[in-house]
Every structure is written in structure tokens, then in C-alpha cells.
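Chemist: Got a structure here, written out as C-alpha cells. Questions coming.
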Amino acid sequence: MADETSISLNKYISQTGICSRREADALIREGRVTLNGQPTRPGNRVSEGDEVRIDGKPLRPKPKALYIAFNKPVGIVCTTDSKEPKNIVRYINHPQRLFPIGRLDKPSEGLIFLTNDGDIVNKILRAGNEHEKEYLVSVKQPVTPEFVQRMSSGIPILGTITKECRVEATGPHTFRIILTQGLNRQIRRMCEYLGYEVSRLQRVRIMNVSLGKLRVGEWRELTDAEVKEIMRMVARSSKTEEASRGQGAKKQPFKRKKKRKK
């Protein structure tokens, strides 16, 4: 009887991300795989502590998928480029190799995800998937009803019209905005078009994850419940360019957003 904690050799190989199970079976049949120094055959199983080699080179198991929520400070750059002294990865200094999901401008602060799971990145980023991002914004000019109405109705920037979105005043010079787009410096450009200057921009929510009490410069791993909900939300998301075509001039009716239920 097989050890309940062991897994099939072909599954072990495929889980490292180097090939599919079918391709792993071919490697085994070709005699290119060894298990603890011994030749292998289809049906072999791998237990904790076993060493698998392909063409004599040790096969390392794929690291556990990691999802991090980080409260990015102003001045930190959302890049993995080692030439940037204030890059986000260096700042966090996590032992796992992580990369940010999306971006948050250098002068902006707040919530951003980092992960080592490349499969989920495009699903979250595609604007056509309607995944919400919520921001609190301070501006130097008074926030008027006209400003709120125009911001929510769509603004011409970067050769397109921004999607209709939810905007509400939260104070004389502050407002809340919920976007499903990720155009470059979108909120700042929208405000600039209307003659407003942003003095502070903070992202407080991405999808189902809120910034909460996470302090500036701190990070935490997402909870199992948060990850499960994200996976549910992106389960039907497209990973193709077709999903991002909604960033064009065609507007999405604002009322549809109100009818959606989670």
C-alpha cells in the first residue's frame, strides 16, 4: 500500500513547473529520471526526503504559493529591477523570490500584492475582469459635486475615455474612488484633466482584501480565506488580451456595477 503522504513521480515532476505529467511520463520512460540514485519506472512514488534527478541534475520542488499584502510607503518603486535602489522587493527583503502584482506609483502609498505565483497575475490585472481597487485621495482644490460627477462619468486620458466608476466626497478636499481599470497614473491624470492636483493618494483595497490596520512599510501573508475568495473571484477571468479591451472608449454602464452581487 502506498504511503499516504507520497505522491506519484510524474505528479511530483509536473508540480515543479518544468513540464506536464504526460511529458514527465516520457522522461521516465526514456530513463532520464532517477529516484534516490535508482532508475525509475511509471508508477513510482515520491516521499518527503526523496531526491529526484533529471539527467543527473537534482529537481527542486516548486515552492509553496505565497501571497503577500504590503502597505507600500511613498518613494518605494514597484519593480524588481536591481538597478533601482528603492525597489519594492529589496525593501521587503523576503527570502522567497517575489514580484508585485501590478503597480502603485512612486509618490503613492497603500496596498499592493506580491506573489511567487505567476498563474494568478494576469487574471487579477486584466481590466475586463472587473476586479475592484479602492483609493482614498486628497486634492488641493475643493471637492465639488460637479467634480465628483465628472470623475465618475469618464475622463479622456491617454487617448481613451476612462470607465465609469464610483466616486464619493469624503471631506472638503478628499474623495473615495473605486476603479476597475489600471491605466498609467490614472487617478492623477483624471484629476489633472479637471484642474485638480493630488496631494495624497492611498490604495486601501484590492478586490476582497483591505488595508485594514496594516501599517505603512509592513506586510503580511494573505489568510487562507482571503486567498480562497480571490481564487473564486478570478476563476472565470480571462488570461488573454481580449479581457483588457474594455479599456477603450466604450463605456460600461454604471448601473450594472450596482447590480452585481458577491
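In the C-alpha cells, each chain is lettered A, B, ... as it comes, each chain's residues begin at 1, and ligands are numbered from 1 in order of appearance.
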Please return as a PyMOL selection string: the residues of range 112-226 of chain A that backbone DSSP assigns to alpha helix (DSSP H).

Modeler: chain A and resi 118-125+145-153+186-193+224-226

Chemist: Put those residues in a file: C-alpha atoms, as a CSV table (one decimal), in the first residue's frame.

Modeler:
```csv
chain,number,residue,atom,x,y,z
A,118,GLY,CA,2.7,33.7,-11.9
A,119,ASP,CA,-0.5,31.9,-12.8
A,120,ILE,CA,-2.7,34.4,-11.0
A,121,VAL,CA,-1.1,37.6,-12.0
A,122,ASN,CA,-2.8,38.2,-15.4
A,123,LYS,CA,-6.2,37.2,-14.1
A,124,ILE,CA,-6.0,39.9,-11.4
A,125,LEU,CA,-4.5,42.6,-13.7
A,145,PRO,CA,-20.5,67.8,-6.7
A,146,GLU,CA,-19.5,68.7,-10.3
A,147,PHE,CA,-16.0,67.2,-9.8
A,148,VAL,CA,-17.5,64.0,-8.3
A,149,GLN,CA,-20.0,63.7,-11.2
A,150,ARG,CA,-17.3,64.3,-13.9
A,151,MET,CA,-14.8,61.9,-12.3
A,152,SER,CA,-17.4,59.1,-12.1
A,153,SER,CA,-18.7,59.6,-15.7
A,186,GLN,CA,-5.0,57.0,-13.9
A,187,ILE,CA,-6.3,58.9,-10.9
A,188,ARG,CA,-3.7,61.6,-11.1
A,189,ARG,CA,-4.3,62.1,-14.8
A,190,MET,CA,-8.1,62.2,-14.3
A,191,CYS,CA,-7.7,64.9,-11.6
A,192,GLU,CA,-5.2,66.9,-13.7
A,193,TYR,CA,-7.7,67.0,-16.6
A,224,ASP,CA,-6.4,31.2,3.6
A,225,ALA,CA,-9.9,32.7,3.5
A,226,GLU,CA,-8.7,35.7,1.5
```

Chemist: Please identify all polymer residues within 12 Å of Cys19 in chain A, counting only C-alpha atoms, omitting same-chain residues fewer than 6 positions from it, and present them as a list in words.

Modeler: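 Result of the neighbour search: Asn10, Lys11, Tyr12, Ile13, Asp25, Ala26, Leu27, Ile54, Leu59 and Lys62 of chain A.
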
Chemist: Just checking: using only C-alpha atoms, which residue out of A:Gly31, A:Gly56, A:Pro73, A:Pro63 ends up closest to Asp117 in chain A?

Modeler: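 Residue with the minimum atom-to-atom distance to Asp117 in chain A: A:Pro63.
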
Chemist: Excluding Val227 in chain A and any residue of its chain fewer than 4 positions from it, enumerate the residues within 12 Å of it, using only C-alpha atoms, and give them as a list in words.

Modeler: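 Contacts, with the query itself left out: Ala65, Leu66, Tyr67, Ile68, Ala69, Phe113, Thr115, Asp117, Ile120, Met207, Asn208, Val209, Glu221, Leu222, Thr223, Met231, Arg232, Met233, Val234 and Ala235 of chain A.
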
Chemist: Mind pulling up the distance from CA of Asn184 in chain A to CA of Glu164 in chain A?

Modeler: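 Separation of CA of Glu164 in chain A and CA of Asn184 in chain A: 16.5 Å.
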
Chemist: Kindly indicate which residue among A:Thr144, A:Thr16, A:Thr80, A:Ser8 lies nearest to Val46 in chain A, using only C-alpha atoms for the distances.

Modeler: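 Closest to Val46 in chain A, using only C-alpha atoms: A:Ser8.
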
Chemist: Need the shell around Ser138 in chain A: protein/DNA/RNA residues with any atom at most 9 Å away, counting only C-alpha atoms. Skip same-chain ones fewer than 4 positions apart. Format as JSON, numbers by chain?

Modeler: {"A": [171, 173, 174, 175, 197, 198, 199, 200, 201, 202]}

Chemist: Keeping C-alpha atoms for every residue in the selection just given, could you write it to a file as a short mmCIF file (atom, residue, chain, number, x, y, z; two decimals), in the first residue's frame?

Modeler:
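Below is the file selection11.cif, written as the result:
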```
data_model
loop_
_atom_site.label_atom_id
_atom_site.label_comp_id
_atom_site.auth_asym_id
_atom_site.auth_seq_id
_atom_site.Cartn_x
_atom_site.Cartn_y
_atom_site.Cartn_z
CA GLY A 171 -14.33 65.72 3.03
CA HIS A 173 -10.58 68.13 -0.09
CA THR A 174 -10.85 64.34 -0.09
CA PHE A 175 -12.72 61.68 -2.02
CA GLU A 197 -3.73 68.47 -8.07
CA VAL A 198 -3.37 65.31 -5.97
CA SER A 199 -1.58 65.81 -2.67
CA ARG A 200 -2.01 62.25 -1.34
CA LEU A 201 -3.13 59.01 -2.94
CA GLN A 202 -3.60 55.85 -0.91
#
```

Chemist: Name all residues at most 7 Å from Asn36 in chain A (count only C-alpha atoms; drop same-chain ones fewer than 6 positions away) and give them as a PyMOL selection string.

Modeler: chain A and resi 50-52

Chemist: Counting only C-alpha atoms, which of A:Gly37, A:Gly110, A:Gly102, A:Pro58 gets nearest to Leu211 in chain A?

Modeler: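 With only C-alpha atoms as the atom set, the closest residue is A:Gly110.
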
Chemist: If you count only C-alpha atoms, which residues fall within 6 Å of Lys106 in chain A, apart from same-chain ones fewer than 3 positions away, as a PyMOL selection string?

Modeler: chain A and resi 74-77

Chemist: Include N, CA and C atoms and write out the residues we just selected as a short mmCIF file (atom, residue, chain, number, x, y, z; two decimals), in the first residue's frame.

Modeler:
```
data_model
loop_
_atom_site.label_atom_id
_atom_site.label_comp_id
_atom_site.auth_asym_id
_atom_site.auth_seq_id
_atom_site.Cartn_x
_atom_site.Cartn_y
_atom_site.Cartn_z
N VAL A 74 5.38 55.84 0.41
CA VAL A 74 5.75 56.77 -0.66
C VAL A 74 7.25 56.65 -0.91
N GLY A 75 7.64 56.65 -2.17
CA GLY A 75 9.06 56.60 -2.52
C GLY A 75 9.57 55.24 -2.93
N ILE A 76 8.82 54.17 -2.59
CA ILE A 76 9.21 52.82 -2.99
C ILE A 76 8.68 52.56 -4.40
N VAL A 77 9.51 51.94 -5.23
CA VAL A 77 9.18 51.72 -6.64
C VAL A 77 8.76 50.27 -6.86
#
```

Chemist: Here is a test: counting only C-alpha atoms, which residue of A:Leu35, A:Ile18, A:Val137, A:Ile112 is nearest to Pro172 in chain A?

Modeler: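 For Pro172 in chain A, the nearest of the given residues is A:Val137.
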
Chemist: With only C-alpha atoms as the atoms that count, which of A:Lys83, A:Ser6, A:Leu111, A:Gln96 lies nearest to Gly217 in chain A?

Modeler: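 For Gly217 in chain A, the nearest of the given residues is A:Leu111.
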
Chemist: Using only C-alpha atoms, pick whichever of A:Trp219, A:Pro42, A:Lys228, A:Val204 has the shortest atom-to-atom distance to Ile88 in chain A.

Modeler: A:Trp219

Chemist: Mind listing the strand (DSSP E or B) residues of range 34-246 of chain A, per DSSP on the backbone, as number ranges by chain?

Modeler: A: 34-35, 38-39, 45-46, 52-54, 57-58, 67-72, 77, 87, 99-101, 109-115, 133-139, 156-157, 160-161, 166-171, 174-179, 198-206, 209-210, 219-221
